[in-house]
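S.K.: Below is the file coords35.cif, which contains mmCIF, C-alpha atoms; chains and numbers go by the auth columns.
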data_final
loop_
_atom_site.group_PDB
_atom_site.id
_atom_site.type_symbol
_atom_site.label_atom_id
_atom_site.label_comp_id
_atom_site.label_asym_id
_atom_site.label_seq_id
_atom_site.Cartn_x
_atom_site.Cartn_y
_atom_site.Cartn_z
_atom_site.B_iso_or_equiv
_atom_site.auth_seq_id
_atom_site.auth_asym_id
ATOM 1 C CA MET A 1 81.081 30.133 -4.154 0.00 323 A
ATOM 2 C CA LYS A 2 80.844 29.361 -7.851 0.00 324 A
ATOM 3 C CA GLU A 3 81.529 25.710 -7.124 0.00 325 A
ATOM 4 C CA ALA A 4 78.541 25.585 -4.699 0.00 326 A
ATOM 5 C CA LEU A 5 76.109 27.266 -7.083 0.00 327 A
ATOM 6 C CA PRO A 6 75.180 24.106 -9.057 0.00 328 A
ATOM 7 C CA TYR A 7 74.458 22.288 -5.804 0.00 329 A
ATOM 8 C CA LEU A 8 72.321 25.181 -4.615 0.00 330 A
ATOM 9 C CA ILE A 9 70.337 25.185 -7.828 0.00 331 A
ATOM 10 C CA ALA A 10 69.928 21.423 -7.659 0.00 332 A
ATOM 11 C CA GLY A 11 68.755 21.687 -4.046 0.00 333 A
ATOM 12 C CA ILE A 12 66.207 24.350 -4.921 0.00 334 A
ATOM 13 C CA ALA A 13 64.977 22.240 -7.842 0.00 335 A
ATOM 14 C CA LEU A 14 64.714 19.172 -5.616 0.00 336 A
ATOM 15 C CA LEU A 15 62.826 21.183 -3.001 0.00 337 A
ATOM 16 C CA GLY A 16 60.435 22.345 -5.720 0.00 338 A
ATOM 17 C CA VAL A 17 59.872 18.764 -6.821 0.00 339 A
ATOM 18 C CA VAL A 18 59.273 17.682 -3.220 0.00 340 A
ATOM 19 C CA LEU A 19 56.815 20.523 -2.589 0.00 341 A
ATOM 20 C CA ALA A 20 55.009 19.774 -5.843 0.00 342 A
ATOM 21 C CA GLY A 21 54.837 16.120 -4.868 0.00 343 A
ATOM 22 C CA VAL A 22 53.434 17.044 -1.489 0.00 344 A
ATOM 23 C CA ALA A 23 50.789 19.234 -3.124 0.00 345 A
ATOM 24 C CA VAL A 24 49.852 16.488 -5.597 0.00 346 A
ATOM 25 C CA ALA A 25 49.756 13.923 -2.795 0.00 347 A
ATOM 26 C CA GLY A 26 47.457 16.232 -0.812 0.00 348 A
ATOM 27 C CA ARG A 27 45.088 16.547 -3.748 0.00 349 A
ATOM 28 C CA VAL A 28 45.198 12.781 -4.263 0.00 350 A
ATOM 29 C CA ARG A 29 44.446 12.222 -0.570 0.00 351 A
ATOM 30 C CA ARG A 30 41.490 14.626 -0.759 0.00 352 A
ATOM 31 C CA VAL A 31 40.149 12.887 -3.851 0.00 353 A
ATOM 32 C CA VAL A 32 40.595 9.466 -2.237 0.00 354 A
ATOM 33 C CA ARG A 33 38.917 10.672 0.956 0.00 355 A
ATOM 34 C CA GLY A 34 36.019 11.986 -1.154 0.00 356 A
ATOM 35 C CA TRP A 35 35.675 8.625 -2.874 0.00 357 A
ATOM 36 C CA ILE A 36 35.750 6.806 0.465 0.00 358 A
ATOM 37 C CA SER A 37 33.108 9.183 1.880 0.00 359 A
ATOM 38 C CA GLN A 38 30.844 8.569 -1.107 0.00 360 A
ATOM 39 C CA ILE A 39 31.319 4.807 -0.855 0.00 361 A
ATOM 40 C CA ASN A 40 30.524 4.906 2.880 0.00 362 A
ATOM 41 C CA LEU A 41 27.456 7.055 2.196 0.00 363 A
ATOM 42 C CA MET A 42 26.244 4.631 -0.474 0.00 364 A
ATOM 43 C CA ARG A 43 26.790 1.713 1.896 0.00 365 A
ATOM 44 C CA ALA A 44 24.877 3.505 4.659 0.00 366 A
ATOM 45 C CA MET A 45 22.004 4.278 2.277 0.00 367 A
ATOM 46 C CA ALA A 46 21.910 0.647 1.123 0.00 368 A
ATOM 47 C CA VAL A 47 21.839 -0.590 4.731 0.00 369 A
ATOM 48 C CA SER A 48 19.121 1.943 5.596 0.00 370 A
ATOM 49 C CA GLU A 49 17.048 0.871 2.580 0.00 371 A
ATOM 50 C CA GLU A 50 17.374 -2.785 3.567 0.00 372 A
ATOM 51 C CA GLN A 51 16.432 -1.963 7.160 0.00 373 A
ATOM 52 C CA LEU A 52 13.337 -0.077 5.988 0.00 374 A
ATOM 53 C CA ALA A 53 12.406 -3.018 3.768 0.00 375 A
ATOM 54 C CA ALA A 54 12.646 -5.368 6.752 0.00 376 A
ATOM 55 C CA THR A 55 10.866 -3.186 9.349 0.00 377 A
ATOM 56 C CA PRO A 56 7.032 -3.384 9.402 0.00 378 A
ATOM 57 C CA LYS A 57 5.103 -0.122 9.514 0.00 379 A
ATOM 58 C CA SER A 58 3.245 0.767 12.683 0.00 380 A
ATOM 59 C CA VAL A 59 -0.536 1.088 12.553 0.00 381 A
ATOM 60 C CA SER A 60 -2.870 3.559 14.219 0.00 382 A
ATOM 61 C CA SER A 61 -4.876 1.485 16.676 0.00 383 A
ATOM 62 C CA MET A 62 -8.129 2.544 18.305 0.00 384 A
ATOM 63 C CA THR A 63 -9.295 -1.025 18.777 0.00 385 A
ATOM 64 C CA ASP A 64 -9.570 -0.780 22.550 0.00 386 A
ATOM 65 C CA THR A 65 -11.788 2.291 22.185 0.00 387 A
ATOM 66 C CA TYR A 66 -14.104 1.166 19.394 0.00 388 A
ATOM 67 C CA LEU A 67 -14.309 -2.611 19.836 0.00 389 A
ATOM 68 C CA PRO A 68 -16.611 -2.421 22.921 0.00 390 A
ATOM 69 C CA LEU A 69 -18.960 -0.103 20.961 0.00 391 A
ATOM 70 C CA ILE A 70 -19.021 -2.469 17.996 0.00 392 A
ATOM 71 C CA GLU A 71 -19.601 -5.508 20.208 0.00 393 A
ATOM 72 C CA LYS A 72 -22.477 -3.663 21.887 0.00 394 A
ATOM 73 C CA ASP A 73 -24.133 -3.082 18.502 0.00 395 A
ATOM 74 C CA PHE A 74 -23.120 -6.516 17.134 0.00 396 A
ATOM 75 C CA PRO A 75 -22.910 -9.072 19.993 0.00 397 A
ATOM 76 C CA THR A 76 -21.601 -11.841 17.704 0.00 398 A
ATOM 77 C CA PHE A 77 -18.800 -9.702 16.249 0.00 399 A
ATOM 78 C CA ASN A 78 -15.494 -11.633 16.211 0.00 400 A
ATOM 79 C CA PHE A 79 -12.530 -9.260 15.980 0.00 401 A
ATOM 80 C CA GLU A 80 -9.884 -11.882 15.094 0.00 402 A
ATOM 81 C CA GLU A 81 -12.054 -13.365 12.366 0.00 403 A
ATOM 82 C CA PHE A 82 -12.841 -9.894 11.037 0.00 404 A
ATOM 83 C CA CYS A 83 -9.105 -9.078 10.815 0.00 405 A
ATOM 84 C CA ARG A 84 -8.450 -12.293 8.878 0.00 406 A
ATOM 85 C CA HIS A 85 -11.287 -11.445 6.521 0.00 407 A
ATOM 86 C CA ALA A 86 -9.883 -7.930 5.950 0.00 408 A
ATOM 87 C CA GLU A 87 -6.445 -9.350 5.152 0.00 409 A
ATOM 88 C CA MET A 88 -7.837 -12.036 2.834 0.00 410 A
ATOM 89 C CA THR A 89 -9.812 -9.381 0.956 0.00 411 A
ATOM 90 C CA LEU A 90 -6.700 -7.234 0.474 0.00 412 A
ATOM 91 C CA GLN A 91 -4.881 -10.348 -0.735 0.00 413 A
ATOM 92 C CA SER A 92 -7.623 -10.931 -3.320 0.00 414 A
ATOM 93 C CA VAL A 93 -7.367 -7.287 -4.437 0.00 415 A
ATOM 94 C CA PHE A 94 -3.609 -7.604 -4.993 0.00 416 A
ATOM 95 C CA ALA A 95 -4.120 -10.887 -6.862 0.00 417 A
ATOM 96 C CA ALA A 96 -6.749 -9.284 -9.102 0.00 418 A
ATOM 97 C CA LEU A 97 -4.476 -6.324 -9.891 0.00 419 A
ATOM 98 C CA ASP A 98 -1.556 -8.688 -10.558 0.00 420 A
ATOM 99 C CA GLN A 99 -3.597 -10.918 -12.883 0.00 421 A
ATOM 100 C CA GLY A 100 -5.482 -8.081 -14.536 0.00 422 A
ATOM 101 C CA GLU A 101 -8.943 -9.551 -13.916 0.00 423 A
ATOM 102 C CA VAL A 102 -11.618 -9.285 -11.228 0.00 424 A
ATOM 103 C CA THR A 103 -12.911 -12.869 -11.284 0.00 425 A
ATOM 104 C CA GLY A 104 -11.259 -13.523 -7.904 0.00 426 A
ATOM 105 C CA LEU A 105 -13.408 -10.787 -6.352 0.00 427 A
ATOM 106 C CA GLU A 106 -16.688 -12.688 -6.688 0.00 428 A
ATOM 107 C CA GLY A 107 -19.013 -11.758 -3.855 0.00 429 A
ATOM 108 C CA ALA A 108 -17.302 -8.389 -3.327 0.00 430 A
ATOM 109 C CA SER A 109 -19.278 -5.157 -3.379 0.00 431 A
ATOM 110 C CA GLN A 110 -19.685 -3.325 -6.663 0.00 432 A
ATOM 111 C CA GLN A 111 -17.767 -0.373 -5.220 0.00 433 A
ATOM 112 C CA LEU A 112 -14.709 -2.534 -4.548 0.00 434 A
ATOM 113 C CA ILE A 113 -14.859 -4.136 -8.004 0.00 435 A
ATOM 114 C CA ASP A 114 -15.165 -0.706 -9.629 0.00 436 A
ATOM 115 C CA GLN A 115 -12.166 0.587 -7.686 0.00 437 A
ATOM 116 C CA VAL A 116 -10.013 -2.357 -8.771 0.00 438 A
ATOM 117 C CA ARG A 117 -11.145 -1.992 -12.375 0.00 439 A
ATOM 118 C CA GLY A 118 -10.298 1.704 -12.224 0.00 440 A
ATOM 119 C CA GLU A 119 -6.736 0.926 -11.141 0.00 441 A
ATOM 120 C CA MET A 120 -6.391 -1.653 -13.904 0.00 442 A
ATOM 121 C CA SER A 121 -7.667 0.777 -16.539 0.00 443 A
ATOM 122 C CA HIS A 122 -5.268 3.486 -15.362 0.00 444 A
ATOM 123 C CA ALA A 123 -2.300 1.099 -15.579 0.00 445 A
ATOM 124 C CA ARG A 124 -3.335 -0.136 -19.034 0.00 446 A
ATOM 125 C CA SER A 125 -3.708 3.431 -20.302 0.00 447 A
ATOM 126 C CA MET A 126 -0.007 3.920 -19.451 0.00 448 A
ATOM 127 C CA GLY A 127 0.968 0.593 -21.019 0.00 449 A
ATOM 128 C CA ARG A 128 1.830 -0.876 -17.631 0.00 450 A
ATOM 129 C CA GLN A 129 1.055 -4.000 -15.626 0.00 451 A
ATOM 130 C CA ALA A 130 1.079 -4.043 -11.820 0.00 452 A
ATOM 131 C CA CYS A 131 2.893 -6.941 -10.143 0.00 453 A
ATOM 132 C CA TYR A 132 2.352 -8.075 -6.544 0.00 454 A
ATOM 133 C CA ARG A 133 4.314 -10.936 -4.952 0.00 455 A
ATOM 134 C CA ASP A 134 4.768 -12.530 -1.519 0.00 456 A
ATOM 135 C CA VAL A 135 2.260 -10.501 0.506 0.00 457 A
ATOM 136 C CA THR A 136 2.885 -10.766 4.256 0.00 458 A
ATOM 137 C CA PHE A 137 0.480 -9.353 6.848 0.00 459 A
ATOM 138 C CA TYR A 138 1.722 -8.166 10.250 0.00 460 A
ATOM 139 C CA GLN A 139 -1.052 -6.362 12.084 0.00 461 A
ATOM 140 C CA THR A 140 -4.643 -5.220 11.564 0.00 462 A
ATOM 141 C CA GLU A 141 -6.436 -2.841 13.902 0.00 463 A
ATOM 142 C CA ILE A 142 -9.606 -0.751 14.091 0.00 464 A
ATOM 143 C CA VAL A 143 -8.992 2.967 13.607 0.00 465 A
ATOM 144 C CA ARG A 144 -12.560 4.285 13.444 0.00 466 A
ATOM 145 C CA TYR A 145 -16.215 3.322 13.906 0.00 467 A
ATOM 146 C CA ILE A 146 -18.854 5.490 12.212 0.00 468 A
ATOM 147 C CA LYS A 147 -22.667 5.273 12.413 0.00 469 A
ATOM 148 C CA ARG A 148 -24.396 7.446 9.832 0.00 470 A
ATOM 149 C CA GLY A 149 -27.187 7.374 7.262 0.00 471 A
ATOM 150 C CA GLY A 150 -28.517 3.930 8.143 0.00 472 A
ATOM 151 C CA THR A 151 -25.048 2.361 7.945 0.00 473 A
ATOM 152 C CA CYS A 152 -22.246 1.377 10.288 0.00 474 A
ATOM 153 C CA THR A 153 -18.669 1.648 9.010 0.00 475 A
ATOM 154 C CA ILE A 154 -15.560 0.078 10.527 0.00 476 A
ATOM 155 C CA ARG A 155 -12.301 1.508 9.254 0.00 477 A
ATOM 156 C CA MET A 156 -9.396 -0.922 9.553 0.00 478 A
ATOM 157 C CA GLN A 157 -5.673 -0.304 9.109 0.00 479 A
ATOM 158 C CA THR A 158 -3.338 -3.131 8.103 0.00 480 A
ATOM 159 C CA ALA A 159 0.465 -3.243 8.133 0.00 481 A
ATOM 160 C CA LEU A 160 1.892 -5.493 5.431 0.00 482 A
ATOM 161 C CA SER A 161 4.809 -6.042 3.095 0.00 483 A
ATOM 162 C CA TYR A 162 4.968 -7.158 -0.512 0.00 484 A
ATOM 163 C CA PHE A 163 7.103 -7.094 -3.618 0.00 485 A
ATOM 164 C CA HIS A 164 5.349 -4.510 -5.764 0.00 486 A
ATOM 165 C CA TYR A 165 6.569 -3.095 -9.063 0.00 487 A
ATOM 166 C CA MET A 166 5.235 -1.891 -12.403 0.00 488 A
ATOM 167 C CA MET A 167 6.221 -3.420 -15.728 0.00 489 A
ATOM 168 C CA GLU A 168 6.276 -1.982 -19.238 0.00 490 A
ATOM 169 C CA GLY A 169 6.762 -5.054 -21.389 0.00 491 A
ATOM 170 C CA GLN A 170 9.821 -6.776 -19.915 0.00 492 A
ATOM 171 C CA ARG A 171 11.143 -3.645 -18.215 0.00 493 A
ATOM 172 C CA VAL A 172 10.606 -2.611 -14.578 0.00 494 A
ATOM 173 C CA VAL A 173 9.670 1.085 -14.580 0.00 495 A
ATOM 174 C CA GLU A 174 8.605 1.508 -10.962 0.00 496 A
ATOM 175 C CA GLY A 175 9.588 -0.332 -7.790 0.00 497 A
ATOM 176 C CA ARG A 176 12.055 -3.194 -7.485 0.00 498 A
ATOM 177 C CA LYS A 177 11.846 -6.950 -7.935 0.00 499 A
ATOM 178 C CA ASP A 178 14.522 -7.656 -5.320 0.00 500 A
ATOM 179 C CA LEU A 179 13.375 -5.506 -2.388 0.00 501 A
ATOM 180 C CA PRO A 180 10.091 -5.780 -0.482 0.00 502 A
ATOM 181 C CA VAL A 181 7.980 -2.738 0.364 0.00 503 A
ATOM 182 C CA GLN A 182 6.650 -2.101 3.859 0.00 504 A
ATOM 183 C CA THR A 183 3.335 -0.257 3.759 0.00 505 A
ATOM 184 C CA ARG A 184 -0.117 0.243 5.280 0.00 506 A
ATOM 185 C CA TYR A 185 -3.626 -0.012 3.858 0.00 507 A
ATOM 186 C CA GLU A 186 -6.951 1.251 5.152 0.00 508 A
ATOM 187 C CA THR A 187 -10.198 -0.570 4.397 0.00 509 A
ATOM 188 C CA ASP A 188 -13.744 0.622 5.063 0.00 510 A
ATOM 189 C CA TRP A 189 -16.265 -2.067 5.990 0.00 511 A
ATOM 190 C CA VAL A 190 -19.952 -1.165 5.759 0.00 512 A
ATOM 191 C CA TYR A 191 -23.014 -2.760 7.354 0.00 513 A
ATOM 192 C CA VAL A 192 -26.474 -1.570 6.264 0.00 514 A
ATOM 193 C CA GLN A 193 -28.792 -1.265 9.259 0.00 515 A
ATOM 194 C CA ASP A 194 -31.672 0.793 7.887 0.00 516 A
ATOM 195 C CA VAL A 195 -32.382 0.675 4.157 0.00 517 A
ATOM 196 C CA SER A 196 -34.976 3.453 4.317 0.00 518 A
ATOM 197 C CA LYS A 197 -32.403 5.948 5.607 0.00 519 A
ATOM 198 C CA MET A 198 -30.030 5.008 2.787 0.00 520 A
ATOM 199 C CA GLU A 199 -32.398 5.823 -0.069 0.00 521 A
ATOM 200 C CA GLY A 200 -30.524 8.242 -2.307 0.00 522 A
ATOM 201 C CA ALA A 201 -27.255 7.825 -0.420 0.00 523 A
ATOM 202 C CA TYR A 202 -26.102 4.701 -2.292 0.00 524 A
ATOM 203 C CA GLN A 203 -27.234 5.070 -5.875 0.00 525 A
ATOM 204 C CA ASP A 204 -26.501 2.906 -8.938 0.00 526 A
ATOM 205 C CA GLY A 205 -26.132 -0.345 -7.084 0.00 527 A
ATOM 206 C CA GLY A 206 -23.610 1.106 -4.631 0.00 528 A
ATOM 207 C CA VAL A 207 -24.383 -1.478 -1.968 0.00 529 A
ATOM 208 C CA GLY A 208 -24.155 -4.319 -4.433 0.00 530 A
ATOM 209 C CA LEU A 209 -27.828 -5.068 -5.068 0.00 531 A
ATOM 210 C CA ARG A 210 -28.081 -7.862 -7.648 0.00 532 A
ATOM 211 C CA CYS A 211 -30.903 -9.818 -9.198 0.00 533 A
ATOM 212 C CA PRO A 212 -30.505 -13.517 -8.266 0.00 534 A
ATOM 213 C CA GLY A 213 -32.039 -14.564 -11.577 0.00 535 A
ATOM 214 C CA CYS A 214 -30.062 -12.633 -14.193 0.00 536 A
ATOM 215 C CA GLY A 215 -27.391 -10.864 -12.121 0.00 537 A
ATOM 216 C CA ALA A 216 -28.395 -7.406 -13.337 0.00 538 A
ATOM 217 C CA PRO A 217 -27.563 -4.479 -11.019 0.00 539 A
ATOM 218 C CA VAL A 218 -30.404 -2.850 -9.103 0.00 540 A
ATOM 219 C CA THR A 219 -30.229 0.933 -9.192 0.00 541 A
ATOM 220 C CA SER A 220 -32.623 1.669 -6.332 0.00 542 A
ATOM 221 C CA LEU A 221 -32.752 0.258 -2.815 0.00 543 A
ATOM 222 C CA GLY A 222 -36.540 0.477 -2.885 0.00 544 A
ATOM 223 C CA GLN A 223 -36.757 -1.703 -5.967 0.00 545 A
ATOM 224 C CA LYS A 224 -38.220 -5.139 -5.173 0.00 546 A
ATOM 225 C CA VAL A 225 -38.481 -6.582 -8.691 0.00 547 A
ATOM 226 C CA CYS A 226 -35.790 -6.793 -11.361 0.00 548 A
ATOM 227 C CA ALA A 227 -36.525 -4.483 -14.293 0.00 549 A
ATOM 228 C CA TYR A 228 -34.825 -6.936 -16.689 0.00 550 A
ATOM 229 C CA CYS A 229 -36.251 -10.366 -15.842 0.00 551 A
ATOM 230 C CA GLY A 230 -39.020 -9.638 -13.327 0.00 552 A
ATOM 231 C CA GLY A 231 -37.433 -11.734 -10.584 0.00 553 A
ATOM 232 C CA ALA A 232 -37.391 -10.780 -6.896 0.00 554 A
ATOM 233 C CA VAL A 233 -34.474 -8.573 -5.887 0.00 555 A
ATOM 234 C CA VAL A 234 -32.006 -9.819 -3.282 0.00 556 A
ATOM 235 C CA PRO A 235 -29.909 -7.224 -1.425 0.00 557 A
ATOM 236 C CA ALA A 236 -26.538 -8.970 -1.718 0.00 558 A
ATOM 237 C CA HIS A 237 -24.759 -6.804 0.852 0.00 559 A
ATOM 238 C CA LEU A 238 -27.467 -5.892 3.312 0.00 560 A
ATOM 239 C CA PHE A 239 -27.031 -7.179 6.853 0.00 561 A
ATOM 240 C CA VAL A 240 -23.465 -8.341 6.217 0.00 562 A
ATOM 241 C CA TRP A 241 -20.164 -6.484 6.443 0.00 563 A
ATOM 242 C CA HIS A 242 -18.673 -5.665 3.054 0.00 564 A
ATOM 243 C CA ILE A 243 -15.632 -3.655 2.004 0.00 565 A
ATOM 244 C CA ASN A 244 -16.418 -0.653 -0.171 0.00 566 A
ATOM 245 C CA ARG A 245 -13.016 1.092 -0.188 0.00 567 A
ATOM 246 C CA TYR A 246 -9.318 0.404 0.230 0.00 568 A
ATOM 247 C CA LYS A 247 -6.530 2.959 0.333 0.00 569 A
ATOM 248 C CA LYS A 248 -2.751 2.873 0.686 0.00 570 A
ATOM 249 C CA VAL A 249 -1.687 5.174 3.546 0.00 571 A
#
Would it be possible to restate this file's structure as C-alpha cells?
M.R.:
Amino acid sequence: MKEALPYLIAGIALLGVVLAGVAVAGRVRRVVRGWISQINLMRAMAVSEEQLAATPKSVSSMTDTYLPLIEKDFPTFNFEEFCRHAEMTLQSVFAALDQGEVTGLEGASQQLIDQVRGEMSHARSMGRQACYRDVTFYQTEIVRYIKRGGTCTIRMQTALSYFHYMMEGQRVVEGRKDLPVQTRYETDWVYVQDVSKMEGAYQDGGVGLRCPGCGAPVTSLGQKVCAYCGGAVVPAHLFVWHINRYKKV
C-alpha cells in the first residue's frame, strides 16, 4: 500500500492538472467565441452600412393624383422637364454650399438664396465647411399640389445620393469621405397667379421682386416704381415657377 501511495498522489495531481487545463481551455474557447462573434457582428454591420449606401431611398409619389390637376391649371406643364429643373436646382444648392458662395444661384428666388446663406452662416459659426461630391439623382415625384392665397405650390420629393461631410480645417468631423449617403429632399415650387391676393402674404421681397435698373429689392408687391432709382419694377418671379424652400427628409 505504501508503495502505491506516490503513484496515487501523482495520479491525483495529474488529474488536477488535466481538470485545470480543461477549465482554462473552456475559458479560452469562450473568449475566442466572443471575439469571433464580435468580428462577425462588425462584418455584418459593415455589409449593412455598404448596402444602405448603395440602396436608393424610396419617395412618396402622388404624381398620378396631382399631375392631371396641375395640367388642367397649366396646359403647357411638362412633368419630365420640371423634374430635371428641380434636380438641377438642388445640384446648384449643393454646389453653392460646397463652395461657400451663392453666385451659382443667380435667378433663384430671394427665399432660396436666404436659406442657403443661412446654412452657410451656421456652418461658419461652428468653424465648419460643408462638402458635397458626386451627386446622383434617382427619382423625382410630386407629393402635393396646393392652391392658396393667390399662389399655386407644387411639392416635389427627390431621391438622391451624394458624398456629404463636414470639415473643420483638414479634419472630417461629420460624415465620411469614402461612403455615399442615400437621402431624400423636398422642394416647394411656387407660381403666383393673383398678386392682389398675395399682398401682405409675401413681404420683404419674398417672391423675388427686383428692380431691373439697380437690382434693389422691392418690399411691396403693389410697388410699381423703384424707391432707389425710380425705374419701373419687374416682378422677377411672377408667372413662372420658382423654388422657395428645400428640406432634407
S.K.: Between atom CA of Phe459 of chain A and atom CA of Asp386 of chain A, what distance in Å does the model show, to one decimal?
M.R.: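 Separation between atom CA of Phe459 of chain A and atom CA of Asp386 of chain A: 20.5 Å.
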S.K.: Using only C-alpha atoms, which protein or nucleic acid residues come within 10 Å of segment 392-399 of chain A? Drop anything in the same chain fewer than 2 positions from it, and give the result as a PyMOL selection string.
M.R.: chain A and resi 385+387-390+401-404+467-468+474-476
S.K.: Could you tell me, as a ChimeraX atom specification, exactly which residues end up selected when the PyMOL selection byres ((chain A and resi 411) around 10) is applied to this structure?
M.R.: /A:405-410,412-417,426-427,430,509,564-565,568
S.K.: Measuring atom to atom with all atoms listed in the file, identify which of A:Val494, A:Ile435, A:Leu482, A:Val562 is nearest to Asp456 of chain A.
M.R.: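 Checking each of A:Val494, A:Ile435, A:Leu482, A:Val562 against Asp456 of chain A, counting all atoms listed in the file, the winner is A:Leu482.
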S.K.: Identify, on the basis of only C-alpha atoms, every residue whose closest approach to segment 439-449 of chain A does not exceed 7 Å; exclude the query and any residue fewer than 2 positions from it along the same chain; express the result as a ChimeraX atom specification.
M.R.: /A:419,422,435-437,451,490
S.K.: Could you work out how far atom CA of Glu371 of chain A lies from atom CA of Met384 of chain A, giving the answer in Å with one decimal?
M.R.: 29.7 Å
S.K.: Please measure the separation of atom CA of Arg477 of chain A and atom CA of Gln373 of chain A, giving the value in Å to one decimal.
M.R.: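 Separation of atom CA of Arg477 of chain A and atom CA of Gln373 of chain A: 29.0 Å.
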S.K.: Which residue, A:Gly491, A:Gly497, A:Gly472, A:Pro378, has the smallest gap to Thr458 of chain A when you use all atoms listed in the file?
M.R.: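 The shortest atom-to-atom distance to Thr458 of chain A comes from A:Pro378.
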S.K.: Quick one: axis-aligned box around all listed atoms of segment 415-429 of chain A, 5 Å on every side, centre and edge lengths in Å to one decimal, written as JSON.
M.R.:
{"center_x": -10.3, "center_y": -9.9, "center_z": -9.2, "size_x": 27.5, "size_y": 17.2, "size_z": 20.7}
S.K.: Looking at A:Met489, A:Ala418, A:Val424, A:Leu501, which one is nearest to Leu374 of chain A, with distances taken over all atoms listed in the file?
M.R.: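 Smallest distance to Leu374 of chain A is found for A:Leu501.
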S.K.: My list of candidates is A:Ala538, A:Val514, A:Cys548, A:Met488. Which is closest to Gly471 of chain A when distances are computed with only C-alpha atoms?
M.R.: A:Val514
S.K.: Using all atoms listed in the file, find the one residue out of A:Thr473, A:Lys570, A:Tyr550, A:Ala376 that sits nearest to Thr505 of chain A.
M.R.: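 Among the listed residues, A:Lys570 lies closest to Thr505 of chain A.
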